[in-house]
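Here is the file start_7.cif (mmCIF, C-alpha atoms (C1' of nucleotides)).
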```
data_model
loop_
_atom_site.label_atom_id
_atom_site.label_comp_id
_atom_site.auth_asym_id
_atom_site.auth_seq_id
_atom_site.Cartn_x
_atom_site.Cartn_y
_atom_site.Cartn_z
CA MET A 11 -173.24 -42.34 -36.59
CA GLU A 12 -174.15 -41.83 -32.97
CA LYS A 13 -176.64 -39.07 -33.62
CA LEU A 14 -178.52 -41.00 -36.27
CA LYS A 15 -178.69 -44.09 -34.08
CA LYS A 16 -180.13 -42.04 -31.26
CA TYR A 17 -182.60 -40.48 -33.67
CA PHE A 18 -183.97 -43.86 -34.75
CA GLU A 19 -184.02 -45.20 -31.21
CA ASP A 20 -186.01 -42.18 -30.15
CA ILE A 21 -188.68 -42.83 -32.74
CA GLY A 22 -188.97 -46.46 -31.68
CA PHE A 23 -186.69 -48.60 -33.79
CA THR A 24 -184.84 -51.32 -31.86
CA GLY A 25 -183.09 -54.65 -32.24
CA GLU A 26 -182.90 -56.17 -35.67
CA ALA A 27 -184.73 -53.34 -37.41
CA LEU A 28 -182.33 -50.78 -35.98
CA GLU A 29 -179.38 -52.93 -36.94
CA LYS A 30 -180.60 -53.27 -40.50
CA ILE A 31 -181.04 -49.53 -40.74
CA LEU A 32 -177.57 -48.77 -39.41
CA GLU A 33 -176.01 -51.39 -41.69
CA SER A 34 -177.45 -49.57 -44.67
CA VAL A 35 -175.85 -46.30 -43.70
CA ILE A 36 -172.29 -45.16 -44.22
CA LEU A 37 -170.51 -42.49 -42.23
CA ILE A 38 -168.42 -40.06 -44.23
CA GLU A 39 -166.15 -37.26 -43.06
CA PHE A 40 -166.04 -33.97 -44.89
CA LYS A 41 -163.37 -31.32 -44.75
CA LYS A 42 -164.30 -27.68 -45.07
CA ASN A 43 -165.29 -26.93 -48.69
CA ASP A 44 -165.73 -30.61 -49.66
CA PHE A 45 -168.73 -31.21 -51.89
CA VAL A 46 -171.52 -33.56 -50.88
CA VAL A 47 -173.57 -33.01 -54.03
CA GLU A 48 -172.61 -31.25 -57.22
CA GLU A 49 -175.07 -29.23 -59.26
CA GLY A 50 -175.84 -31.10 -62.47
CA LYS A 51 -175.03 -34.53 -61.08
CA VAL A 52 -177.52 -36.97 -59.61
CA ALA A 53 -177.61 -36.98 -55.82
CA LYS A 54 -176.76 -40.50 -54.70
CA TYR A 55 -177.46 -40.15 -50.99
CA PHE A 56 -179.90 -38.91 -48.44
CA GLY A 57 -177.94 -37.63 -45.47
CA PHE A 58 -178.13 -36.89 -41.78
CA VAL A 59 -175.79 -34.31 -40.29
CA GLU A 60 -173.76 -35.84 -37.48
CA SER A 61 -171.70 -32.69 -37.13
CA GLY A 62 -170.76 -29.58 -39.06
CA LEU A 63 -172.46 -26.96 -41.16
CA PHE A 64 -173.51 -27.62 -44.75
CA GLN A 65 -174.43 -25.14 -47.43
CA TYR A 66 -176.71 -25.56 -50.46
CA PHE A 67 -175.95 -23.18 -53.29
CA VAL A 68 -176.32 -22.41 -56.96
CA MET A 69 -174.11 -20.38 -59.26
CA VAL A 70 -176.12 -17.63 -60.94
CA ASP A 71 -174.24 -15.41 -63.40
CA GLY A 72 -170.99 -16.28 -61.69
CA VAL A 73 -172.37 -15.42 -58.28
CA GLU A 74 -173.04 -18.00 -55.62
CA LYS A 75 -176.57 -18.03 -54.20
CA THR A 76 -177.16 -19.93 -50.99
CA THR A 77 -180.49 -21.72 -51.03
CA TYR A 78 -180.37 -23.54 -47.71
CA MET A 79 -178.26 -24.57 -44.75
CA ASN A 80 -178.16 -27.68 -42.59
CA ILE A 81 -176.85 -27.95 -39.08
CA GLU A 82 -176.20 -30.90 -36.78
CA GLY A 83 -179.08 -33.28 -36.21
CA THR A 84 -181.02 -32.49 -39.38
CA PHE A 85 -181.59 -34.36 -42.64
CA LEU A 86 -179.68 -33.25 -45.67
CA ALA A 87 -180.48 -33.90 -49.30
CA SER A 88 -180.83 -32.40 -52.69
CA VAL A 89 -184.33 -33.78 -52.37
CA LEU A 90 -185.50 -33.21 -55.90
CA SER A 91 -182.50 -34.98 -57.33
CA PHE A 92 -182.45 -37.83 -54.85
CA VAL A 93 -186.13 -38.50 -55.27
CA SER A 94 -186.38 -38.14 -59.04
CA GLN A 95 -182.82 -39.18 -59.87
CA LYS A 96 -182.55 -36.14 -62.10
CA PRO A 97 -179.51 -33.83 -62.03
CA ALA A 98 -179.35 -31.72 -58.89
CA LEU A 99 -180.33 -28.08 -59.20
CA GLU A 100 -177.91 -27.11 -56.46
CA SER A 101 -174.61 -28.09 -54.93
CA ILE A 102 -174.08 -28.95 -51.29
CA ARG A 103 -170.77 -28.50 -49.55
CA ALA A 104 -169.30 -28.46 -46.09
CA LEU A 105 -168.76 -24.98 -44.66
CA THR A 106 -166.89 -26.51 -41.74
CA ASP A 107 -165.34 -29.91 -41.14
CA GLY A 108 -168.14 -32.35 -40.43
CA LYS A 109 -169.61 -35.82 -40.68
CA LEU A 110 -172.64 -37.17 -42.52
CA SER A 111 -174.49 -40.44 -42.24
CA LEU A 112 -175.49 -41.31 -45.78
CA ILE A 113 -177.90 -43.77 -47.31
CA SER A 114 -178.23 -44.60 -51.00
CA ARG A 115 -181.56 -44.63 -52.77
CA SER A 116 -181.40 -48.37 -53.34
CA ASN A 117 -180.63 -49.07 -49.69
CA LEU A 118 -183.41 -46.74 -48.65
CA LYS A 119 -185.86 -48.55 -50.90
CA LYS A 120 -184.72 -51.85 -49.48
CA LEU A 121 -185.37 -50.63 -45.96
CA VAL A 122 -188.78 -49.39 -47.05
CA THR A 123 -189.78 -52.84 -48.24
CA GLU A 124 -187.91 -54.98 -45.74
CA VAL A 125 -187.98 -53.26 -42.37
CA PRO A 126 -191.38 -53.20 -40.67
CA GLY A 127 -192.43 -49.68 -39.89
CA PHE A 128 -189.79 -48.09 -42.07
CA LYS A 129 -192.25 -47.27 -44.82
CA ASP A 130 -194.26 -45.25 -42.36
CA PHE A 131 -191.12 -43.53 -41.17
CA TYR A 132 -190.25 -42.67 -44.76
CA ILE A 133 -193.74 -41.29 -45.34
CA ALA A 134 -193.41 -39.19 -42.21
CA LEU A 135 -190.00 -38.00 -43.36
CA LEU A 136 -191.35 -37.03 -46.77
CA GLU A 137 -194.29 -35.25 -45.20
CA HIS A 138 -191.98 -33.41 -42.85
CA THR A 139 -189.71 -32.47 -45.72
CA ILE A 140 -192.65 -31.16 -47.72
CA CYS A 141 -193.72 -28.97 -44.81
CA GLY A 142 -190.24 -27.52 -44.54
CA ILE A 143 -189.89 -26.75 -48.21
CA ASP A 144 -193.43 -25.46 -48.51
CA ALA A 145 -193.03 -23.14 -45.53
CA SER A 146 -189.76 -21.87 -46.94
CA ARG A 147 -191.34 -21.26 -50.33
CA HIS A 148 -194.18 -19.46 -48.62
CA ASP A 149 -191.75 -17.17 -46.84
CA LEU A 150 -189.98 -16.38 -50.09
CA ILE A 151 -193.27 -15.26 -51.58
CA VAL A 152 -194.78 -13.48 -48.63
CA LEU A 153 -191.89 -11.91 -46.75
CA THR A 154 -189.33 -9.31 -47.74
CA GLY A 155 -185.64 -9.87 -47.14
CA GLU A 156 -185.91 -7.71 -44.07
CA GLU A 157 -188.81 -9.73 -42.68
CA ARG A 158 -187.00 -12.98 -43.34
CA TYR A 159 -184.06 -11.65 -41.39
CA ALA A 160 -186.32 -10.65 -38.51
CA LYS A 161 -187.96 -14.07 -38.52
CA MET A 162 -184.63 -15.82 -38.47
CA LEU A 163 -183.43 -13.58 -35.66
CA LYS A 164 -186.49 -14.57 -33.67
CA GLU A 165 -186.88 -18.23 -34.54
CA GLU A 166 -183.39 -19.52 -35.16
CA PRO A 167 -180.85 -17.24 -33.51
CA HIS A 168 -178.51 -20.23 -33.11
CA LEU A 169 -178.38 -20.59 -36.91
CA LEU A 170 -177.68 -16.91 -37.28
CA GLN A 171 -174.65 -17.22 -35.08
CA GLN A 172 -173.22 -20.10 -37.06
CA ILE A 173 -173.72 -18.78 -40.56
CA PRO A 174 -171.29 -16.22 -41.98
CA LEU A 175 -173.24 -13.14 -43.03
CA GLN A 176 -172.43 -13.40 -46.70
CA TYR A 177 -174.16 -16.77 -46.87
CA LEU A 178 -176.99 -15.58 -44.70
CA ALA A 179 -177.54 -12.66 -47.05
CA SER A 180 -177.93 -14.83 -50.11
CA MET A 181 -180.14 -17.23 -48.15
CA LEU A 182 -182.40 -14.30 -47.36
CA GLY A 183 -182.35 -13.37 -51.02
CA VAL A 184 -180.46 -10.12 -50.69
CA THR A 185 -176.92 -8.92 -51.32
CA PRO A 186 -174.46 -8.65 -48.46
CA ARG A 187 -174.64 -4.89 -48.99
CA HIS A 188 -178.34 -4.91 -48.35
CA LEU A 189 -178.14 -7.23 -45.36
CA SER A 190 -175.70 -4.79 -43.85
CA ARG A 191 -178.30 -2.07 -44.40
CA ILE A 192 -180.99 -4.19 -42.76
CA ARG A 193 -178.82 -4.95 -39.76
CA GLY A 194 -177.94 -1.30 -39.51
CA GLN A 195 -181.61 -0.38 -39.28
CA VAL A 196 -182.34 -2.93 -36.59
CA ARG A 197 -179.74 -1.31 -34.36
CA MET B 184 -214.92 -38.26 -60.71
CA GLU B 185 -214.16 -39.57 -64.17
CA LYS B 186 -210.74 -38.02 -64.42
CA LEU B 187 -209.58 -39.38 -61.09
CA LYS B 188 -210.83 -42.87 -61.92
CA LYS B 189 -208.94 -42.80 -65.19
CA TYR B 190 -205.86 -41.56 -63.35
CA PHE B 191 -205.87 -44.52 -60.96
CA GLU B 192 -206.64 -47.00 -63.70
CA ASP B 193 -203.72 -45.67 -65.68
CA ILE B 194 -201.32 -46.31 -62.82
CA GLY B 195 -202.61 -49.85 -62.40
CA PHE B 196 -205.38 -49.93 -59.82
CA THR B 197 -208.30 -52.17 -60.72
CA GLY B 198 -211.22 -54.10 -59.24
CA GLU B 199 -211.69 -53.99 -55.51
CA ALA B 200 -208.75 -51.70 -54.84
CA LEU B 201 -210.03 -49.15 -57.33
CA GLU B 202 -213.51 -49.39 -55.87
CA LYS B 203 -212.23 -48.81 -52.36
CA ILE B 204 -210.32 -45.79 -53.52
CA LEU B 205 -213.28 -44.26 -55.31
CA GLU B 206 -215.56 -44.96 -52.35
CA SER B 207 -213.25 -42.88 -50.16
CA VAL B 208 -213.49 -39.89 -52.44
CA ILE B 209 -216.25 -37.33 -52.70
CA LEU B 210 -216.98 -35.15 -55.70
CA ILE B 211 -217.76 -31.52 -54.95
CA GLU B 212 -218.81 -28.75 -57.30
CA PHE B 213 -217.42 -25.26 -56.88
CA LYS B 214 -218.82 -22.04 -58.24
CA LYS B 215 -216.48 -19.26 -59.28
CA ASN B 216 -214.99 -17.65 -56.15
CA ASP B 217 -215.97 -20.50 -53.80
CA PHE B 218 -213.29 -21.35 -51.26
CA VAL B 219 -211.75 -24.81 -51.06
CA VAL B 220 -209.40 -23.99 -48.20
CA GLU B 221 -209.31 -20.90 -46.01
CA GLU B 222 -206.08 -19.41 -44.70
CA GLY B 223 -205.88 -20.05 -40.97
CA LYS B 224 -208.11 -23.13 -41.00
CA VAL B 225 -206.91 -26.71 -41.22
CA ALA B 226 -207.16 -28.22 -44.71
CA LYS B 227 -209.42 -31.24 -44.46
CA TYR B 228 -208.95 -32.63 -47.94
CA PHE B 229 -206.45 -33.56 -50.56
CA GLY B 230 -207.98 -32.84 -53.94
CA PHE B 231 -207.82 -33.70 -57.61
CA VAL B 232 -209.05 -31.19 -60.16
CA GLU B 233 -211.77 -32.73 -62.34
CA SER B 234 -212.41 -29.41 -64.03
CA GLY B 235 -211.88 -25.72 -63.53
CA LEU B 236 -209.08 -23.41 -62.45
CA PHE B 237 -208.08 -23.01 -58.81
CA GLN B 238 -206.02 -20.28 -57.23
CA TYR B 239 -203.87 -20.39 -54.09
CA PHE B 240 -203.38 -17.02 -52.46
CA VAL B 241 -202.42 -15.11 -49.33
CA MET B 242 -203.45 -11.68 -48.20
CA VAL B 243 -200.39 -9.53 -47.53
CA ASP B 244 -201.02 -5.99 -46.27
CA GLY B 245 -204.47 -6.06 -47.79
CA VAL B 246 -203.14 -7.21 -51.15
CA GLU B 247 -203.76 -10.65 -52.56
CA LYS B 248 -200.68 -12.63 -53.55
CA THR B 249 -201.16 -15.68 -55.73
CA THR B 250 -198.84 -18.48 -54.72
CA TYR B 251 -199.94 -21.24 -57.07
CA MET B 252 -202.52 -22.36 -59.59
CA ASN B 253 -204.04 -25.75 -60.37
CA ILE B 254 -205.64 -26.79 -63.62
CA GLU B 255 -207.61 -29.86 -64.67
CA GLY B 256 -206.00 -33.21 -64.03
CA THR B 257 -203.64 -32.12 -61.27
CA PHE B 258 -203.56 -32.65 -57.51
CA LEU B 259 -204.63 -29.80 -55.29
CA ALA B 260 -203.85 -29.30 -51.62
CA SER B 261 -202.64 -26.87 -49.07
CA VAL B 262 -200.02 -29.54 -48.53
CA LEU B 263 -198.44 -28.20 -45.41
CA SER B 264 -201.77 -27.93 -43.66
CA PHE B 265 -203.14 -31.24 -44.86
CA VAL B 266 -200.01 -33.08 -43.91
CA SER B 267 -199.34 -31.45 -40.56
CA GLN B 268 -202.93 -30.58 -39.69
CA LYS B 269 -201.80 -27.08 -38.83
CA PRO B 270 -203.64 -23.97 -40.03
CA ALA B 271 -203.22 -23.34 -43.73
CA LEU B 272 -200.83 -20.58 -44.77
CA GLU B 273 -202.89 -19.84 -47.86
CA SER B 274 -206.42 -19.95 -49.17
CA ILE B 275 -207.55 -21.84 -52.22
CA ARG B 276 -210.53 -20.80 -54.28
CA ALA B 277 -212.14 -21.53 -57.61
CA LEU B 278 -211.37 -18.96 -60.30
CA THR B 279 -213.93 -20.59 -62.56
CA ASP B 280 -216.77 -23.03 -61.92
CA GLY B 281 -215.25 -26.44 -61.41
CA LYS B 282 -215.26 -29.83 -59.75
CA LEU B 283 -212.90 -31.46 -57.29
CA SER B 284 -212.52 -35.03 -56.14
CA LEU B 285 -211.66 -34.80 -52.46
CA ILE B 286 -210.30 -37.23 -49.92
CA SER B 287 -210.02 -36.65 -46.19
CA ARG B 288 -206.84 -37.34 -44.24
CA SER B 289 -208.46 -40.19 -42.32
CA ASN B 290 -209.75 -41.83 -45.48
CA LEU B 291 -206.37 -41.40 -47.09
CA LYS B 292 -204.66 -43.03 -44.14
CA LYS B 293 -207.15 -45.87 -44.29
CA LEU B 294 -206.34 -46.44 -47.95
CA VAL B 295 -202.65 -46.36 -47.13
CA THR B 296 -203.01 -49.20 -44.64
CA GLU B 297 -205.78 -51.20 -46.29
CA VAL B 298 -205.32 -51.05 -50.04
CA PRO B 299 -202.34 -53.02 -51.34
CA GLY B 300 -200.05 -50.79 -53.32
CA PHE B 301 -201.64 -47.59 -52.14
CA LYS B 302 -198.84 -46.84 -49.71
CA ASP B 303 -196.41 -46.92 -52.59
CA PHE B 304 -198.67 -44.69 -54.60
CA TYR B 305 -198.80 -42.25 -51.69
CA ILE B 306 -195.02 -42.28 -51.39
CA ALA B 307 -194.74 -41.59 -55.10
CA LEU B 308 -197.29 -38.78 -54.78
CA LEU B 309 -195.37 -37.22 -51.90
CA GLU B 310 -192.12 -37.51 -53.78
CA HIS B 311 -193.69 -35.95 -56.83
CA THR B 312 -195.14 -33.15 -54.73
CA ILE B 313 -191.77 -32.49 -53.15
CA CYS B 314 -190.18 -32.19 -56.56
CA GLY B 315 -192.79 -29.70 -57.65
CA ILE B 316 -192.49 -27.51 -54.59
CA ASP B 317 -188.72 -27.74 -54.52
CA ALA B 318 -188.42 -26.78 -58.17
CA SER B 319 -190.78 -23.88 -57.64
CA ARG B 320 -188.82 -22.71 -54.62
CA HIS B 321 -185.64 -23.00 -56.64
CA ASP B 322 -187.10 -20.80 -59.36
CA LEU B 323 -188.12 -18.20 -56.82
CA ILE B 324 -184.55 -18.01 -55.60
CA VAL B 325 -182.70 -18.25 -58.87
CA LEU B 326 -184.87 -16.51 -61.45
CA THR B 327 -186.09 -12.94 -61.76
CA GLY B 328 -189.74 -12.17 -62.41
CA GLU B 329 -188.89 -11.65 -66.02
CA GLU B 330 -187.15 -15.01 -66.28
CA ARG B 331 -190.04 -16.76 -64.58
CA TYR B 332 -192.36 -15.22 -67.16
CA ALA B 333 -190.13 -16.38 -69.99
CA LYS B 334 -189.99 -19.88 -68.52
CA MET B 335 -193.72 -20.06 -68.20
CA LEU B 336 -194.15 -18.78 -71.73
CA LYS B 337 -191.92 -21.59 -72.93
CA GLU B 338 -192.96 -24.45 -70.68
CA GLU B 339 -196.61 -23.90 -69.93
CA PRO B 340 -198.14 -21.63 -72.55
CA HIS B 341 -201.51 -23.32 -71.96
CA LEU B 342 -201.47 -22.12 -68.33
CA LEU B 343 -200.60 -18.65 -69.49
CA GLN B 344 -203.68 -18.54 -71.65
CA GLN B 345 -205.99 -19.61 -68.85
CA ILE B 346 -204.71 -17.37 -66.09
CA PRO B 347 -205.78 -13.73 -65.96
CA LEU B 348 -202.68 -11.54 -66.04
CA GLN B 349 -203.26 -10.02 -62.62
CA TYR B 350 -203.00 -13.46 -61.02
CA LEU B 351 -200.12 -14.43 -63.23
CA ALA B 352 -198.27 -11.31 -62.13
CA SER B 353 -198.53 -12.09 -58.46
CA MET B 354 -197.62 -15.72 -59.15
CA LEU B 355 -194.46 -14.48 -60.80
CA GLY B 356 -193.82 -12.30 -57.78
CA VAL B 357 -194.28 -8.97 -59.51
CA THR B 358 -197.00 -6.33 -59.69
CA PRO B 359 -199.37 -6.21 -62.66
CA ARG B 360 -197.67 -2.94 -63.57
CA HIS B 361 -194.35 -4.67 -63.83
CA LEU B 362 -195.69 -7.67 -65.71
CA SER B 363 -197.06 -5.25 -68.25
CA ARG B 364 -193.56 -3.81 -68.53
CA ILE B 365 -192.08 -7.27 -69.01
CA ARG B 366 -194.61 -8.17 -71.67
CA GLY B 367 -193.98 -4.87 -73.36
CA GLN B 368 -190.27 -5.65 -73.61
CA VAL B 369 -190.84 -9.10 -75.06
CA ARG B 370 -192.78 -7.54 -77.94
"C1'" DA C 117 -147.64 -11.34 -31.99
"C1'" DT C 118 -147.56 -10.07 -37.05
"C1'" DC C 119 -148.95 -10.18 -41.45
"C1'" DA C 120 -152.04 -11.73 -44.94
"C1'" DT C 121 -156.54 -13.06 -46.02
"C1'" DT C 122 -161.20 -12.94 -45.59
"C1'" DT C 123 -165.37 -10.80 -44.00
"C1'" DC C 124 -168.14 -6.97 -42.80
"C1'" DT C 125 -169.78 -2.13 -43.12
"C1'" DG C 126 -171.44 1.78 -45.32
"C1'" DG C 127 -171.04 5.86 -48.95
"C1'" DA C 128 -172.30 7.22 -53.76
"C1'" DC C 129 -174.68 6.23 -57.47
"C1'" DA C 130 -177.44 3.06 -60.83
"C1'" DT C 131 -181.07 -0.03 -61.73
"C1'" DT C 132 -185.09 -2.41 -60.80
"C1'" DT C 133 -189.47 -2.61 -59.26
"C1'" DG C 134 -193.37 -0.49 -56.96
"C1'" DT C 135 -197.18 3.11 -56.41
"C1'" DC C 136 -200.58 5.86 -58.22
"C1'" DC C 137 -203.37 6.76 -61.76
"C1'" DA C 138 -205.76 7.69 -66.13
"C1'" DG C 139 -206.86 6.01 -70.63
"C1'" DT C 140 -208.20 1.83 -73.39
"C1'" DA C 141 -209.70 -2.52 -74.18
"C1'" DT C 142 -212.35 -6.49 -73.04
"C1'" DC C 143 -215.97 -8.98 -71.10
"C1'" DC C 144 -220.78 -9.62 -69.22
"C1'" DT C 145 -225.44 -8.67 -68.60
"C1'" DC C 146 -229.90 -7.22 -69.95
"C1'" DG D 105 -225.48 -3.69 -78.93
"C1'" DA D 106 -225.45 -0.30 -74.92
"C1'" DG D 107 -223.87 0.40 -70.52
"C1'" DG D 108 -221.38 -0.93 -66.67
"C1'" DA D 109 -217.95 -3.65 -64.57
"C1'" DT D 110 -213.47 -5.66 -64.82
"C1'" DA D 111 -208.93 -6.17 -66.72
"C1'" DC D 112 -204.85 -4.41 -69.15
"C1'" DT D 113 -201.40 -0.88 -70.53
"C1'" DG D 114 -198.15 2.51 -69.79
"C1'" DG D 115 -196.55 7.47 -67.99
"C1'" DA D 116 -194.46 9.92 -64.01
"C1'" DC D 117 -192.45 9.58 -59.99
"C1'" DA D 118 -190.93 7.09 -55.50
"C1'" DA D 119 -188.95 3.46 -52.92
"C1'" DA D 120 -186.27 -0.61 -52.55
"C1'" DT D 121 -182.38 -2.98 -53.72
"C1'" DG D 122 -178.17 -3.66 -56.42
"C1'" DT D 123 -173.27 -2.40 -57.98
"C1'" DC D 124 -168.89 -0.80 -57.05
"C1'" DC D 125 -165.72 0.19 -53.90
"C1'" DA D 126 -162.69 1.49 -49.97
"C1'" DG D 127 -161.79 1.30 -45.23
"C1'" DA D 128 -162.46 -1.25 -40.75
"C1'" DA D 129 -162.84 -5.49 -38.35
"C1'" DA D 130 -162.18 -10.21 -37.66
"C1'" DT D 131 -159.88 -14.48 -38.56
"C1'" DG D 132 -156.19 -17.61 -39.64
"C1'" DA D 133 -151.39 -19.07 -40.51
"C1'" DT D 134 -146.53 -18.82 -39.37
#
```

Show me this structure written as structure tokens.
Amino acid sequence: MEKLKKYFEDIGFTGEALEKILESVILIEFKKNDFVVEEGKVAKYFGFVESGLFQYFVMVDGVEKTTYMNIEGTFLASVLSFVSQKPALESIRALTDGKLSLISRSNLKKLVTEVPGFKDFYIALLEHTICGIDASRHDLIVLTGEERYAKMLKEEPHLLQQIPLQYLASMLGVTPRHLSRIRGQVR
Amino acid sequence: MEKLKKYFEDIGFTGEALEKILESVILIEFKKNDFVVEEGKVAKYFGFVESGLFQYFVMVDGVEKTTYMNIEGTFLASVLSFVSQKPALESIRALTDGKLSLISRSNLKKLVTEVPGFKDFYIALLEHTICGIDASRHDLIVLTGEERYAKMLKEEPHLLQQIPLQYLASMLGVTPRHLSRIRGQVR
DNA sequence: ATCATTTCTGGACATTTGTCCAGTATCCTC
DNA sequence: GAGGATACTGGACAAATGTCCAGAAATGAT
């Protein structure tokens, strides 16, 4: 859990506090196509991507719809499920081999009450998460598939290179056929 | 701010804590069409709807798109802006005369540090907000306009009665023309 | 390197949804 | 309760996007 450790060091956790945090976290390896969270089951962990590419998706009428992607160095969770302990609306699985640092809800709560400063970190994390989801929701409402593609091309070209186009298409809310059309127009 | 007071009493705040909370909040009246937040400006307040109906919207190519609605007894905020202090992506305005209890970010932060238990309330509020936004985002991805209408009809018929159809249409992500089509089919 | 598998592209056509608009219906004001 | 403003419906047509599919390209396993 090198990456996670560095992350917490960078935001100012040291010594005992850092130790307590890292003790509460487990490191799990995932093979390509392994599930982290299954739609309909309660998400047990909040994760941090040490390595690999992870896909969030839902089955709709037998077709898989990608709702989100996580790359290295970002937090991963079926937030709604983890937070409310209700069944997850989506599944998460590894698209490549990879590793996750995972923390359970009970361990997280313990850190929140026991480690000084952790509550504020958790608040900041929640606020950051809200901003991400809200911005994404905003884009879904305001932009067309084509505009979302253009935005991605501009703002996260590294993601675009990592994600197979079929997944990218459903993330953008269009069919692969239509993404092909969009890409054709750009050229 | 009767409704807000009752809300905090119900979740267990009393005496001095409750007083401190209410002292940090201001009550503002809004006339129909008054703005609470303007797109492009930083949202100064987190609000609670004492009365009235409030609409979140964005202008897209000269057309207004409704992104959300708040009714009595719910929390109102351009969350992303309030939390990150970046310019708001959407405007919020009163669709009817109404009243809001408002708290500034600095006052909120003060409550978080000074009032026992308030930090936990704020965490719960953030978590609850995340669930709401995440579920809404999920619906945007997974459901069609027609299905979103059906869901609303089933789960929040009271909202449906209060919201003029033109706003409802853009909330569902369709044109009024198409909503009319959808409603025609249901009959 | 070869073959099999998976992914990507783009044609032809179908469906969904949007645009424009005119006719009603509803609501508000005096 | 009459007149004007605003909101709602639905026809005709247009544009955007989906479905189905076959061939090309890329990737992976032996």

### Query
For the file shown, what are the residues hit by the PyMOL selection byres ((chain D) within 12 of (chain A)), laid out as a list in words?
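Taken over the shown coordinates, the PyMOL selection byres ((chain D) within 12 of (chain A)) returns DA120, DT121, DG122, DT123, DC124, DC125 and DA130 of chain D.
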
### Task
Using all atoms listed in the file, find which residues of chain A lie within 9 Å of chain C and jot them down as a VMD selection string.
chain A and resid 174 to 176 186 to 187 190 to 191 194

### Task
Spell out the residues picked by the PyMOL selection byres ((chain A) within 9 of (chain B)) here, as an MDAnalysis selection string.
chainID A and resid 68:70 75:77 89:91 93:94 99:100 129:130 132:133 136:148 150:153 181 183

### Task
Would you list the contacts of Glu221 of chain B as a VMD selection string, taking every protein, DNA or RNA residue within 8 Å and counting only C-alpha atoms (C1' of nucleotides), but skipping same-chain residues closer than 5 positions in sequence?
chain B and resid 226 271 273 to 275

Restricted to C-alpha atoms, what would the selected residues look like written as a JSON list (two decimals), in the frame of the given file?
```json
[["chain", "number", "residue", "atom", "x", "y", "z"],
["B", 226, "ALA", "CA", -207.16, -28.22, -44.71],
["B", 271, "ALA", "CA", -203.22, -23.34, -43.73],
["B", 273, "GLU", "CA", -202.89, -19.84, -47.86],
["B", 274, "SER", "CA", -206.42, -19.95, -49.17],
["B", 275, "ILE", "CA", -207.55, -21.84, -52.22]]
```

Around all of segment 127-143 of chain C's listed atoms, make the axis-aligned box with 8 Å on each side and tell me centre and edge lengths in Å to one decimal, as AutoDock Vina command-line options.
```
--center_x -193.5 --center_y -0.6 --center_z -61.6 --size_x 60.9 --size_y 32.7 --size_z 41.2
```

### Message
Please expand the PyMOL selection byres ((chain B and resi 288) around 8) into the concrete residues it hits in this file, giving the result as a list in words.
### Response
Lys227, Tyr228, Phe229, Phe265, Ile286, Ser287, Ser289, Asn290, Leu291 and Lys292 of chain B

### Pairwise distance for atom CA of Asn43 of chain A and atom CA of Ala179 of chain A, rounded to one decimal in Å
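Separation between atom CA of Asn43 of chain A and atom CA of Ala179 of chain A: 18.9 Å.
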
### Task
Would you mind reading off the distance between atom CA of Gln171 of chain A and atom CA of Leu110 of chain A, one decimal, in Å?
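Atom-to-atom, atom CA of Gln171 of chain A to atom CA of Leu110 of chain A, that is 21.4 Å.
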
### Task
Between atom CA of Gln345 of chain B and atom C1' of DA109 of chain D, measure the distance and give it in Å to one decimal.
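Here the two named atoms are 20.4 Å from each other.
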
#### Entry: Shell of 12 Å around Asp107 of chain A, only C-alpha atoms (C1' of nucleotides), local chain residues under 5 positions omitted, as a list in words
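Contacts, with the query itself left out: Ile38, Glu39, Phe40, Lys41, Lys42, Asn43, Asp44, Phe45, Val59, Glu60, Ser61, Gly62, Leu63, Phe64, Ile81 and Glu82 of chain A.
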